[in-house]
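K.L.:
Compact mmCIF, C-alpha atoms, file model.txt:
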# COMPACT_ATOMS: atom_id res chain seq x y z
CA MET A 1 6.23 -14.54 -17.47
CA ASP A 2 7.29 -11.42 -19.34
CA PHE A 3 6.55 -8.86 -16.65
CA LYS A 4 8.14 -6.00 -18.60
CA LYS A 5 5.20 -5.84 -20.97
CA PHE A 6 3.07 -4.77 -17.98
CA VAL A 7 5.28 -1.75 -17.24
CA ARG A 8 4.82 1.40 -19.31
CA ASP A 9 7.10 4.35 -19.79
CA ILE A 10 5.64 7.76 -19.02
CA PRO A 11 7.93 10.41 -20.51
CA HIS A 12 8.59 13.58 -18.49
CA PHE A 13 6.94 12.39 -15.26
CA PRO A 14 7.12 13.56 -12.53
CA LYS A 15 9.32 16.18 -14.19
CA GLN A 16 10.81 17.13 -17.55
CA GLY A 17 13.53 14.74 -18.69
CA VAL A 18 12.56 11.90 -16.36
CA SER A 19 10.97 8.75 -17.77
CA PHE A 20 8.69 7.14 -15.19
CA LYS A 21 8.12 3.37 -15.01
CA ASP A 22 4.41 2.93 -14.39
CA ILE A 23 3.54 -0.41 -12.77
CA THR A 24 -0.23 0.11 -12.66
CA PRO A 25 -0.79 -2.10 -15.77
CA LEU A 26 0.92 -4.94 -13.87
CA LEU A 27 -1.17 -4.36 -10.74
CA LYS A 28 -4.48 -4.36 -12.61
CA ASP A 29 -3.82 -7.64 -14.44
CA PRO A 30 -4.79 -10.54 -12.14
CA GLY A 31 -2.22 -12.94 -13.60
CA ALA A 32 0.65 -10.44 -13.55
CA LEU A 33 -0.23 -9.22 -10.03
CA LYS A 34 -0.11 -12.77 -8.67
CA GLY A 35 2.79 -13.86 -10.90
CA ALA A 36 5.01 -11.04 -9.68
CA SER A 37 4.14 -11.90 -6.08
CA ASP A 38 5.08 -15.54 -6.64
CA ALA A 39 8.38 -14.50 -8.23
CA LEU A 40 9.25 -12.12 -5.38
CA VAL A 41 8.46 -14.85 -2.84
CA ALA A 42 10.65 -17.27 -4.80
CA PHE A 43 13.58 -14.83 -4.44
CA VAL A 44 13.42 -15.40 -0.69
CA GLY A 45 13.67 -19.18 -1.09
CA ASP A 46 13.67 -21.05 2.20
CA GLN A 47 15.06 -18.15 4.26
CA LYS A 48 12.92 -17.49 7.32
CA ILE A 49 11.30 -14.03 7.36
CA ASP A 50 9.66 -12.54 10.47
CA LYS A 51 8.74 -9.13 9.03
CA VAL A 52 8.34 -7.63 5.61
CA VAL A 53 9.08 -3.90 5.58
CA GLY A 54 7.65 -1.79 2.75
CA MET A 55 8.26 1.87 2.05
CA GLU A 56 5.56 4.50 1.52
CA SER A 57 3.68 4.40 -0.62
CA ARG A 58 4.32 2.10 -3.58
CA GLY A 59 6.16 -0.40 -1.37
CA PHE A 60 2.76 -0.93 0.27
CA PHE A 61 1.37 -2.59 -2.86
CA TYR A 62 3.42 -5.78 -2.52
CA GLY A 63 4.74 -5.57 1.05
CA PRO A 64 1.63 -7.04 2.73
CA VAL A 65 1.10 -9.52 -0.13
CA LEU A 66 4.61 -10.88 0.44
CA ALA A 67 4.11 -10.88 4.21
CA VAL A 68 0.96 -13.01 3.91
CA ALA A 69 2.68 -15.41 1.51
CA LEU A 70 5.73 -15.71 3.80
CA LYS A 71 3.62 -16.01 7.00
CA ALA A 72 5.35 -12.87 8.28
CA GLY A 73 4.10 -9.56 9.65
CA PHE A 74 4.11 -6.32 7.69
CA VAL A 75 5.73 -3.07 8.82
CA PRO A 76 5.38 0.25 6.97
CA VAL A 77 8.24 2.73 6.72
CA ARG A 78 6.68 6.15 6.22
CA LYS A 79 7.43 9.76 5.46
CA VAL A 80 7.66 12.25 8.30
CA GLY A 81 4.58 12.75 10.46
CA LYS A 82 2.51 9.82 9.18
CA LEU A 83 3.20 7.20 11.84
CA PRO A 84 1.23 7.92 15.01
CA SER A 85 3.16 6.11 17.78
CA LYS A 86 6.70 6.23 19.17
CA LYS A 87 9.17 6.06 16.29
CA ILE A 88 12.74 6.48 15.13
CA SER A 89 13.86 8.32 12.01
CA HIS A 90 16.74 8.33 9.53
CA THR A 91 17.67 11.28 7.31
CA TYR A 92 19.56 10.73 4.07
CA ASP A 93 20.91 12.83 1.22
CA LEU A 94 19.10 13.33 -2.06
CA GLU A 95 20.59 14.87 -5.17
CA TYR A 96 19.35 18.21 -3.83
CA GLY A 97 18.52 18.34 -0.13
CA THR A 98 17.59 15.52 2.24
CA ASP A 99 14.70 13.22 3.01
CA THR A 100 13.62 11.50 6.22
CA LEU A 101 11.95 8.14 6.81
CA GLU A 102 10.34 6.87 10.01
CA ILE A 103 9.52 3.49 11.54
CA HIS A 104 7.63 2.66 14.72
CA ALA A 105 10.07 1.86 17.53
CA ASP A 106 8.13 -1.31 18.41
CA ALA A 107 7.83 -2.52 14.80
CA ILE A 108 10.93 -4.70 14.84
CA GLU A 109 12.08 -6.96 17.66
CA LYS A 110 15.74 -7.68 18.29
CA GLY A 111 16.80 -10.50 15.99
CA ASP A 112 13.80 -10.20 13.64
CA ARG A 113 14.70 -11.41 10.17
CA VAL A 114 13.48 -8.79 7.71
CA LEU A 115 12.67 -8.68 4.00
CA ILE A 116 12.70 -5.12 2.65
CA HIS A 117 10.46 -4.55 -0.35
CA ASP A 118 9.89 -1.55 -2.59
CA ASP A 119 8.55 -1.25 -6.10
CA VAL A 120 11.60 0.45 -7.63
CA LEU A 121 15.32 0.45 -6.87
CA ALA A 122 16.56 3.78 -8.24
CA THR A 123 19.43 5.55 -6.43
CA GLY A 124 19.10 3.20 -3.44
CA GLY A 125 18.82 6.01 -0.90
CA THR A 126 15.42 4.93 0.40
CA ALA A 127 16.40 1.27 0.69
CA LYS A 128 19.67 2.10 2.44
CA ALA A 129 17.87 4.35 4.93
CA THR A 130 15.38 1.55 5.58
CA CYS A 131 18.22 -0.91 6.27
CA LYS A 132 19.61 1.57 8.81
CA LEU A 133 16.24 1.91 10.55
CA ILE A 134 15.80 -1.86 10.82
CA GLU A 135 19.32 -2.36 12.12
CA ALA A 136 18.91 0.47 14.63
CA LEU A 137 16.04 -1.57 16.11
CA GLY A 138 18.12 -4.76 16.21
CA GLY A 139 16.66 -6.42 13.11
CA VAL A 140 18.59 -8.40 10.50
CA VAL A 141 18.10 -7.49 6.83
CA VAL A 142 17.84 -10.81 4.98
CA GLN A 143 17.08 -9.44 1.52
CA CYS A 144 16.01 -6.27 -0.29
CA ASN A 145 13.75 -7.05 -3.23
CA PHE A 146 12.19 -4.85 -5.87
CA LEU A 147 9.79 -5.15 -8.75
CA LEU A 148 12.20 -3.24 -10.94
CA GLU A 149 15.64 -1.73 -10.94
CA ILE A 150 16.81 1.30 -12.92
CA THR A 151 20.35 0.03 -13.51
CA ALA A 152 21.72 3.37 -14.78
CA LEU A 153 21.17 4.87 -11.31
CA ASN A 154 23.32 2.14 -9.74
CA GLY A 155 21.31 1.81 -6.54
CA ALA A 156 22.75 -1.65 -5.89
CA SER A 157 26.10 0.02 -5.15
CA LYS A 158 24.51 1.63 -2.06
CA LEU A 159 23.37 -1.81 -0.88
CA VAL A 160 26.68 -3.66 -0.98
CA GLY A 161 26.69 -6.33 1.72
CA TYR A 162 22.94 -6.92 1.39
CA GLU A 163 21.22 -9.50 -0.81
CA VAL A 164 19.48 -7.52 -3.57
CA LYS A 165 16.95 -9.01 -6.01
CA SER A 166 14.98 -7.31 -8.76
CA LEU A 167 12.27 -8.86 -10.90
CA MET A 168 12.97 -6.54 -13.86
CA ARG A 169 15.96 -4.50 -14.95
CA PHE A 170 15.68 -1.40 -17.12
CA MET B 1 -10.43 -13.66 16.09
CA ASP B 2 -10.57 -10.55 18.27
CA PHE B 3 -9.08 -8.07 15.83
CA LYS B 4 -9.79 -5.08 18.07
CA LYS B 5 -6.97 -6.01 20.40
CA PHE B 6 -4.57 -5.33 17.50
CA VAL B 7 -5.80 -1.74 17.06
CA ARG B 8 -4.47 0.90 19.41
CA ASP B 9 -5.78 4.35 20.21
CA ILE B 10 -3.39 7.24 19.75
CA PRO B 11 -4.82 10.30 21.50
CA HIS B 12 -4.49 13.69 19.81
CA PHE B 13 -3.22 12.39 16.46
CA PRO B 14 -3.01 13.81 13.84
CA LYS B 15 -4.36 16.78 15.78
CA GLN B 16 -5.56 17.81 19.24
CA GLY B 17 -8.87 16.23 20.17
CA VAL B 18 -8.76 13.45 17.57
CA SER B 19 -8.18 9.85 18.66
CA PHE B 20 -6.44 7.90 15.91
CA LYS B 21 -7.00 4.17 15.37
CA ASP B 22 -3.56 2.71 14.68
CA ILE B 23 -3.69 -0.57 12.72
CA THR B 24 0.07 -1.17 12.61
CA PRO B 25 -0.09 -3.73 15.49
CA LEU B 26 -2.52 -5.75 13.35
CA LEU B 27 -0.31 -5.51 10.26
CA LYS B 28 2.83 -6.64 12.07
CA ASP B 29 1.22 -9.74 13.60
CA PRO B 30 1.33 -12.59 11.03
CA GLY B 31 -1.85 -14.26 12.29
CA ALA B 32 -3.87 -11.03 12.52
CA LEU B 33 -2.60 -9.80 9.13
CA LYS B 34 -3.75 -13.01 7.43
CA GLY B 35 -6.87 -13.41 9.58
CA ALA B 36 -8.15 -9.95 8.66
CA SER B 37 -7.51 -10.69 4.99
CA ASP B 38 -9.50 -13.93 5.23
CA ALA B 39 -12.36 -12.12 6.96
CA LEU B 40 -12.47 -9.33 4.36
CA VAL B 41 -12.47 -11.93 1.55
CA ALA B 42 -15.30 -13.77 3.31
CA PHE B 43 -17.40 -10.55 3.22
CA VAL B 44 -17.33 -10.79 -0.58
CA GLY B 45 -18.68 -14.36 -0.52
CA ASP B 46 -19.17 -15.82 -3.98
CA GLN B 47 -19.66 -12.47 -5.73
CA LYS B 48 -17.36 -12.17 -8.74
CA ILE B 49 -14.80 -9.35 -8.49
CA ASP B 50 -12.74 -8.12 -11.46
CA LYS B 51 -10.89 -5.27 -9.73
CA VAL B 52 -10.12 -4.29 -6.17
CA VAL B 53 -9.74 -0.52 -5.80
CA GLY B 54 -7.79 0.79 -2.79
CA MET B 55 -7.32 4.39 -1.75
CA GLU B 56 -3.99 6.07 -1.01
CA SER B 57 -2.24 5.19 1.07
CA ARG B 58 -3.57 2.92 3.82
CA GLY B 59 -6.03 1.29 1.41
CA PHE B 60 -2.92 -0.05 -0.33
CA PHE B 61 -2.12 -2.34 2.63
CA TYR B 62 -4.99 -4.74 2.03
CA GLY B 63 -6.13 -3.81 -1.49
CA PRO B 64 -3.59 -5.97 -3.36
CA VAL B 65 -3.83 -8.75 -0.75
CA LEU B 66 -7.58 -8.97 -1.39
CA ALA B 67 -7.05 -8.75 -5.16
CA VAL B 68 -4.66 -11.73 -5.10
CA ALA B 69 -7.05 -13.74 -2.92
CA LEU B 70 -10.02 -12.91 -5.18
CA LYS B 71 -8.05 -13.50 -8.43
CA ALA B 72 -8.75 -9.90 -9.38
CA GLY B 73 -6.56 -6.98 -10.45
CA PHE B 74 -5.66 -4.08 -8.18
CA VAL B 75 -6.25 -0.40 -8.98
CA PRO B 76 -4.97 2.47 -6.84
CA VAL B 77 -6.97 5.65 -6.31
CA ARG B 78 -4.51 8.39 -5.51
CA LYS B 79 -4.18 11.97 -4.41
CA VAL B 80 -3.63 14.68 -7.01
CA GLY B 81 -0.52 14.44 -9.15
CA LYS B 82 0.60 10.95 -8.17
CA LEU B 83 -0.80 8.91 -11.08
CA PRO B 84 1.34 9.31 -14.17
CA SER B 85 -0.98 8.42 -17.06
CA LYS B 86 -4.32 9.71 -18.40
CA LYS B 87 -6.78 9.99 -15.53
CA ILE B 88 -10.09 11.32 -14.28
CA SER B 89 -10.66 13.10 -10.98
CA HIS B 90 -13.44 13.72 -8.47
CA THR B 91 -13.51 16.59 -5.98
CA TYR B 92 -15.51 16.31 -2.79
CA ASP B 93 -16.23 18.43 0.26
CA LEU B 94 -14.41 18.10 3.55
CA GLU B 95 -15.43 19.71 6.82
CA TYR B 96 -13.27 22.65 5.77
CA GLY B 97 -12.39 22.87 2.08
CA THR B 98 -12.26 20.14 -0.55
CA ASP B 99 -10.15 17.17 -1.55
CA THR B 100 -9.59 15.52 -4.93
CA LEU B 101 -8.95 11.88 -5.84
CA GLU B 102 -7.74 10.51 -9.16
CA ILE B 103 -7.91 7.19 -11.02
CA HIS B 104 -6.31 6.14 -14.30
CA ALA B 105 -8.84 6.36 -17.13
CA ASP B 106 -7.90 2.86 -18.33
CA ALA B 107 -8.01 1.29 -14.86
CA ILE B 108 -11.62 0.13 -15.05
CA GLU B 109 -13.33 -1.41 -18.07
CA LYS B 110 -17.03 -0.97 -18.70
CA GLY B 111 -18.91 -3.56 -16.66
CA ASP B 112 -15.98 -4.37 -14.34
CA ARG B 113 -17.24 -5.60 -10.99
CA VAL B 114 -15.35 -3.70 -8.31
CA LEU B 115 -14.59 -4.17 -4.62
CA ILE B 116 -13.60 -0.91 -2.94
CA HIS B 117 -11.33 -1.29 0.08
CA ASP B 118 -9.96 1.19 2.57
CA ASP B 119 -8.64 0.75 6.09
CA VAL B 120 -11.07 3.12 7.80
CA LEU B 121 -14.63 4.26 7.10
CA ALA B 122 -14.85 7.65 8.79
CA THR B 123 -17.05 10.35 7.20
CA GLY B 124 -17.37 8.30 4.00
CA GLY B 125 -16.24 11.13 1.73
CA THR B 126 -13.29 9.24 0.29
CA ALA B 127 -15.30 6.08 -0.33
CA LYS B 128 -18.17 7.98 -1.94
CA ALA B 129 -15.75 9.83 -4.24
CA THR B 130 -14.18 6.50 -5.19
CA CYS B 131 -17.61 5.05 -6.06
CA LYS B 132 -18.17 8.06 -8.34
CA LEU B 133 -14.82 7.57 -10.07
CA ILE B 134 -15.51 3.88 -10.71
CA GLU B 135 -19.00 4.54 -12.02
CA ALA B 136 -17.74 7.35 -14.26
CA LEU B 137 -15.57 4.71 -15.95
CA GLY B 138 -18.50 2.29 -16.32
CA GLY B 139 -17.62 0.00 -13.42
CA VAL B 140 -20.08 -1.56 -10.98
CA VAL B 141 -19.40 -1.19 -7.24
CA VAL B 142 -20.14 -4.60 -5.72
CA GLN B 143 -19.06 -3.83 -2.16
CA CYS B 144 -17.12 -1.30 -0.06
CA ASN B 145 -15.25 -2.99 2.75
CA PHE B 146 -13.15 -1.60 5.57
CA LEU B 147 -10.98 -2.85 8.37
CA LEU B 148 -12.76 -0.55 10.76
CA GLU B 149 -15.61 1.90 10.94
CA ILE B 150 -15.89 4.94 13.22
CA THR B 151 -19.64 4.71 13.74
CA ALA B 152 -20.00 8.16 15.33
CA LEU B 153 -18.99 9.75 12.01
CA ASN B 154 -21.81 7.93 10.23
CA GLY B 155 -19.94 7.32 6.98
CA ALA B 156 -22.32 4.53 6.03
CA SER B 157 -25.03 7.17 5.50
CA LYS B 158 -22.99 8.53 2.56
CA LEU B 159 -22.88 5.03 1.04
CA VAL B 160 -26.60 4.23 1.03
CA GLY B 161 -27.34 1.94 -1.93
CA TYR B 162 -23.94 0.25 -1.71
CA GLU B 163 -23.08 -2.91 0.22
CA VAL B 164 -20.87 -1.79 3.12
CA LYS B 165 -18.94 -4.18 5.38
CA SER B 166 -16.57 -3.40 8.25
CA LEU B 167 -14.48 -5.87 10.19
CA MET B 168 -14.50 -3.74 13.37
CA ARG B 169 -16.78 -1.01 14.68
CA PHE B 170 -15.65 1.64 17.14
Please render this file's structure as structure tokens.
P.N.:
Amino acid sequence: MDFKKFVRDIPHFPKQGVSFKDITPLLKDPGALKGASDALVAFVGDQKIDKVVGMESRGFFYGPVLAVALKAGFVPVRKVGKLPSKKISHTYDLEYGTDTLEIHADAIEKGDRVLIHDDVLATGGTAKATCKLIEALGGVVVQCNFLLEITALNGASKLVGYEVKSLMRF
Amino acid sequence: MDFKKFVRDIPHFPKQGVSFKDITPLLKDPGALKGASDALVAFVGDQKIDKVVGMESRGFFYGPVLAVALKAGFVPVRKVGKLPSKKISHTYDLEYGTDTLEIHADAIEKGDRVLIHDDVLATGGTAKATCKLIEALGGVVVQCNFLLEITALNGASKLVGYEVKSLMRF
């Protein structure tokens, strides 16, 4: 399936000079929505997954879909202040400034085998921070998979040592 | 399945005096995650659904899962400034002030049969605004379904004329 035809470029979004990859055409097409799910599940192969972790908020689109397909649980990683119970956080550098992600402390059990999913692999900062959160709770990152990867931003270089899969490369 | 045992009360979140219903224990349990999906799909019965619309951001957890199960597409309704392409918006009253939701103008085709899904039915303001957005684009709201309903807030009264289903009532 040619998934790229369901992704559209939005010039100058969210700011001047940035071209945004909009996946909403893929989500709204029943065949592409399901086809991309099947392809992401196929990336995992026969590796056992206990939890799928998705990052706020576009990692929530496919995270639970993959969890259901893999007979796993789903765990959200969220921005500061959104998770209500006891949690741990990880702060990482952006081009300018820092960002912080949080996960519930009871979301991952020691030894849990985890699939990390987000829609886009850009600089890799979010995915790397999520790996750190999972490992801080004793989980094992089995794979990081993405709908699409912006290769010019070289996010995969931040994820050396992890299995990284992307459905589309731009 | 007793889904309520997978929902925990968080006192004084997000603010003093409010008791928050935390669904993350349900999401992280593989059987409860899938069981709730099956139950929400069963609410729809044999009604044809073209699009499932989920509201940012906790409506994204089950929205795409239901869309895949119903062989429909998924459409996100988002807060201001998040959707990148041409869109329409609806502003509605909160207890203090207003809030605005947006949907892509090309997300719904005239006559599309739509299932609206969110995690919680509270005052019903978000769901009502989403109905308005869908109808403004020519869609037909077939059902609004929710993981849980806070009955004391009487959100169902804002949705009179629509089919409303909730998996849990508190």
K.L.:
What does the distance from atom CA of B:Lys71 to atom CA of B:Leu115 come to in Å, to one decimal?
P.N.:
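So the two atoms, atom CA of B:Lys71 and atom CA of B:Leu115, lie 12.0 Å apart.
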K.L.:
Output the contact residues of chain A with respect to chain B at a cut-off of 7 Å, based on all atoms listed in the file, as a PyMOL selection string.
P.N.:
chain A and resi 10+13+27-30+33-34+57+60-61+64-65+68+71-75+84-85
K.L.:
Give me the residues near B:Gly45 as an MDAnalysis selection string, where near means some atom within 12 Å (using all atoms listed in the file) and where sequence neighbours in that chain fewer than 3 positions away do not count.
P.N.:
chainID B and resid 38:42 48:49 69:70 115 142:143 165
K.L.:
Let me have the centre and edge lengths in Å, one decimal, of the box along x, y and z around every listed atom of stretch 10-26 of chain A with 6 Å of margin on each side, as AutoDock Vina command-line options.
P.N.:
--center_x 6.4 --center_y 6.1 --center_z -16.5 --size_x 26.3 --size_y 34.1 --size_z 20.0
K.L.:
Between atom CA of A:Ala127 and atom CA of A:Lys15, what is the distance, to one decimal in Å?
P.N.:
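Atom-to-atom, atom CA of A:Ala127 to atom CA of A:Lys15, that is 22.2 Å.
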K.L.:
Please, what distance in Å, to one decimal, runs between atom CA of B:Val141 and atom CA of B:Gly97?
P.N.:
26.7 Å
K.L.:
Please, which residues are within 12 Å of (-14.7, 6.3, 9.3) by the file's coordinates, counting all atoms listed in the file, and could they come as a ChimeraX atom specification?
P.N.:
/B:19-21,118-128,145-159,164-166,168-170
K.L.:
Generate the coordinates of N, CA and C atoms for stretch 69-95 of chain A; report them as a PDB file, in the coordinates of the input.
P.N.:
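Saved result, rebuild21.pdb, follows:
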ATOM      1  N   ALA A  69       2.143 -14.204   2.162  1.00  0.00           N
ATOM      2  CA  ALA A  69       2.680 -15.410   1.510  1.00  0.00           C
ATOM      3  C   ALA A  69       3.804 -16.045   2.334  1.00  0.00           C
ATOM      4  N   LEU A  70       4.579 -15.215   3.032  1.00  0.00           N
ATOM      5  CA  LEU A  70       5.730 -15.710   3.800  1.00  0.00           C
ATOM      6  C   LEU A  70       5.375 -15.975   5.269  1.00  0.00           C
ATOM      7  N   LYS A  71       4.085 -15.838   5.609  1.00  0.00           N
ATOM      8  CA  LYS A  71       3.620 -16.010   7.000  1.00  0.00           C
ATOM      9  C   LYS A  71       4.396 -15.091   7.956  1.00  0.00           C
ATOM     10  N   ALA A  72       4.637 -13.871   7.488  1.00  0.00           N
ATOM     11  CA  ALA A  72       5.350 -12.870   8.280  1.00  0.00           C
ATOM     12  C   ALA A  72       4.378 -11.733   8.624  1.00  0.00           C
ATOM     13  N   GLY A  73       4.845 -10.782   9.419  1.00  0.00           N
ATOM     14  CA  GLY A  73       4.100  -9.560   9.650  1.00  0.00           C
ATOM     15  C   GLY A  73       4.534  -8.489   8.663  1.00  0.00           C
ATOM     16  N   PHE A  74       3.743  -7.420   8.579  1.00  0.00           N
ATOM     17  CA  PHE A  74       4.110  -6.320   7.690  1.00  0.00           C
ATOM     18  C   PHE A  74       4.331  -5.048   8.500  1.00  0.00           C
ATOM     19  N   VAL A  75       5.381  -4.324   8.139  1.00  0.00           N
ATOM     20  CA  VAL A  75       5.730  -3.070   8.820  1.00  0.00           C
ATOM     21  C   VAL A  75       5.917  -1.970   7.772  1.00  0.00           C
ATOM     22  N   PRO A  76       5.163  -0.872   7.891  1.00  0.00           N
ATOM     23  CA  PRO A  76       5.380   0.250   6.970  1.00  0.00           C
ATOM     24  C   PRO A  76       6.483   1.187   7.444  1.00  0.00           C
ATOM     25  N   VAL A  77       7.317   1.615   6.493  1.00  0.00           N
ATOM     26  CA  VAL A  77       8.240   2.730   6.720  1.00  0.00           C
ATOM     27  C   VAL A  77       7.600   3.935   6.027  1.00  0.00           C
ATOM     28  N   ARG A  78       7.452   5.033   6.767  1.00  0.00           N
ATOM     29  CA  ARG A  78       6.680   6.150   6.220  1.00  0.00           C
ATOM     30  C   ARG A  78       7.438   7.456   6.211  1.00  0.00           C
ATOM     31  N   LYS A  79       6.888   8.409   5.478  1.00  0.00           N
ATOM     32  CA  LYS A  79       7.430   9.760   5.460  1.00  0.00           C
ATOM     33  C   LYS A  79       7.116  10.457   6.790  1.00  0.00           C
ATOM     34  N   VAL A  80       7.752  11.574   7.009  1.00  0.00           N
ATOM     35  CA  VAL A  80       7.660  12.250   8.300  1.00  0.00           C
ATOM     36  C   VAL A  80       6.221  12.601   8.679  1.00  0.00           C
ATOM     37  N   GLY A  81       5.863  12.289   9.913  1.00  0.00           N
ATOM     38  CA  GLY A  81       4.580  12.750  10.460  1.00  0.00           C
ATOM     39  C   GLY A  81       3.407  11.820  10.213  1.00  0.00           C
ATOM     40  N   LYS A  82       3.617  10.710   9.505  1.00  0.00           N
ATOM     41  CA  LYS A  82       2.510   9.820   9.180  1.00  0.00           C
ATOM     42  C   LYS A  82       2.282   8.732  10.224  1.00  0.00           C
ATOM     43  N   LEU A  83       3.349   8.265  10.842  1.00  0.00           N
ATOM     44  CA  LEU A  83       3.200   7.200  11.840  1.00  0.00           C
ATOM     45  C   LEU A  83       2.800   7.822  13.176  1.00  0.00           C
ATOM     46  N   PRO A  84       1.790   7.243  13.836  1.00  0.00           N
ATOM     47  CA  PRO A  84       1.230   7.920  15.010  1.00  0.00           C
ATOM     48  C   PRO A  84       1.917   7.625  16.340  1.00  0.00           C
ATOM     49  N   SER A  85       2.643   6.510  16.468  1.00  0.00           N
ATOM     50  CA  SER A  85       3.160   6.110  17.780  1.00  0.00           C
ATOM     51  C   SER A  85       4.658   6.432  17.880  1.00  0.00           C
ATOM     52  N   LYS A  86       5.281   5.941  18.941  1.00  0.00           N
ATOM     53  CA  LYS A  86       6.700   6.230  19.170  1.00  0.00           C
ATOM     54  C   LYS A  86       7.535   5.684  18.014  1.00  0.00           C
ATOM     55  N   LYS A  87       8.458   6.476  17.503  1.00  0.00           N
ATOM     56  CA  LYS A  87       9.170   6.060  16.290  1.00  0.00           C
ATOM     57  C   LYS A  87      10.611   6.534  16.305  1.00  0.00           C
ATOM     58  N   ILE A  88      11.390   5.977  15.368  1.00  0.00           N
ATOM     59  CA  ILE A  88      12.740   6.480  15.130  1.00  0.00           C
ATOM     60  C   ILE A  88      12.805   6.934  13.675  1.00  0.00           C
ATOM     61  N   SER A  89      13.773   7.784  13.375  1.00  0.00           N
ATOM     62  CA  SER A  89      13.860   8.320  12.010  1.00  0.00           C
ATOM     63  C   SER A  89      15.287   8.243  11.485  1.00  0.00           C
ATOM     64  N   HIS A  90      15.417   8.294  10.168  1.00  0.00           N
ATOM     65  CA  HIS A  90      16.740   8.330   9.530  1.00  0.00           C
ATOM     66  C   HIS A  90      16.668   9.330   8.377  1.00  0.00           C
ATOM     67  N   THR A  91      17.627  10.244   8.360  1.00  0.00           N
ATOM     68  CA  THR A  91      17.670  11.280   7.310  1.00  0.00           C
ATOM     69  C   THR A  91      18.807  10.964   6.354  1.00  0.00           C
ATOM     70  N   TYR A  92      18.542  11.069   5.073  1.00  0.00           N
ATOM     71  CA  TYR A  92      19.560  10.730   4.070  1.00  0.00           C
ATOM     72  C   TYR A  92      19.585  11.784   2.975  1.00  0.00           C
ATOM     73  N   ASP A  93      20.708  11.803   2.250  1.00  0.00           N
ATOM     74  CA  ASP A  93      20.910  12.830   1.220  1.00  0.00           C
ATOM     75  C   ASP A  93      20.214  12.458  -0.086  1.00  0.00           C
ATOM     76  N   LEU A  94      19.596  13.453  -0.694  1.00  0.00           N
ATOM     77  CA  LEU A  94      19.100  13.330  -2.060  1.00  0.00           C
ATOM     78  C   LEU A  94      20.048  14.121  -2.966  1.00  0.00           C
ATOM     79  N   GLU A  95      19.756  14.106  -4.249  1.00  0.00           N
ATOM     80  CA  GLU A  95      20.590  14.870  -5.170  1.00  0.00           C
ATOM     81  C   GLU A  95      20.624  16.340  -4.723  1.00  0.00           C
TER      82      GLU A  95
END
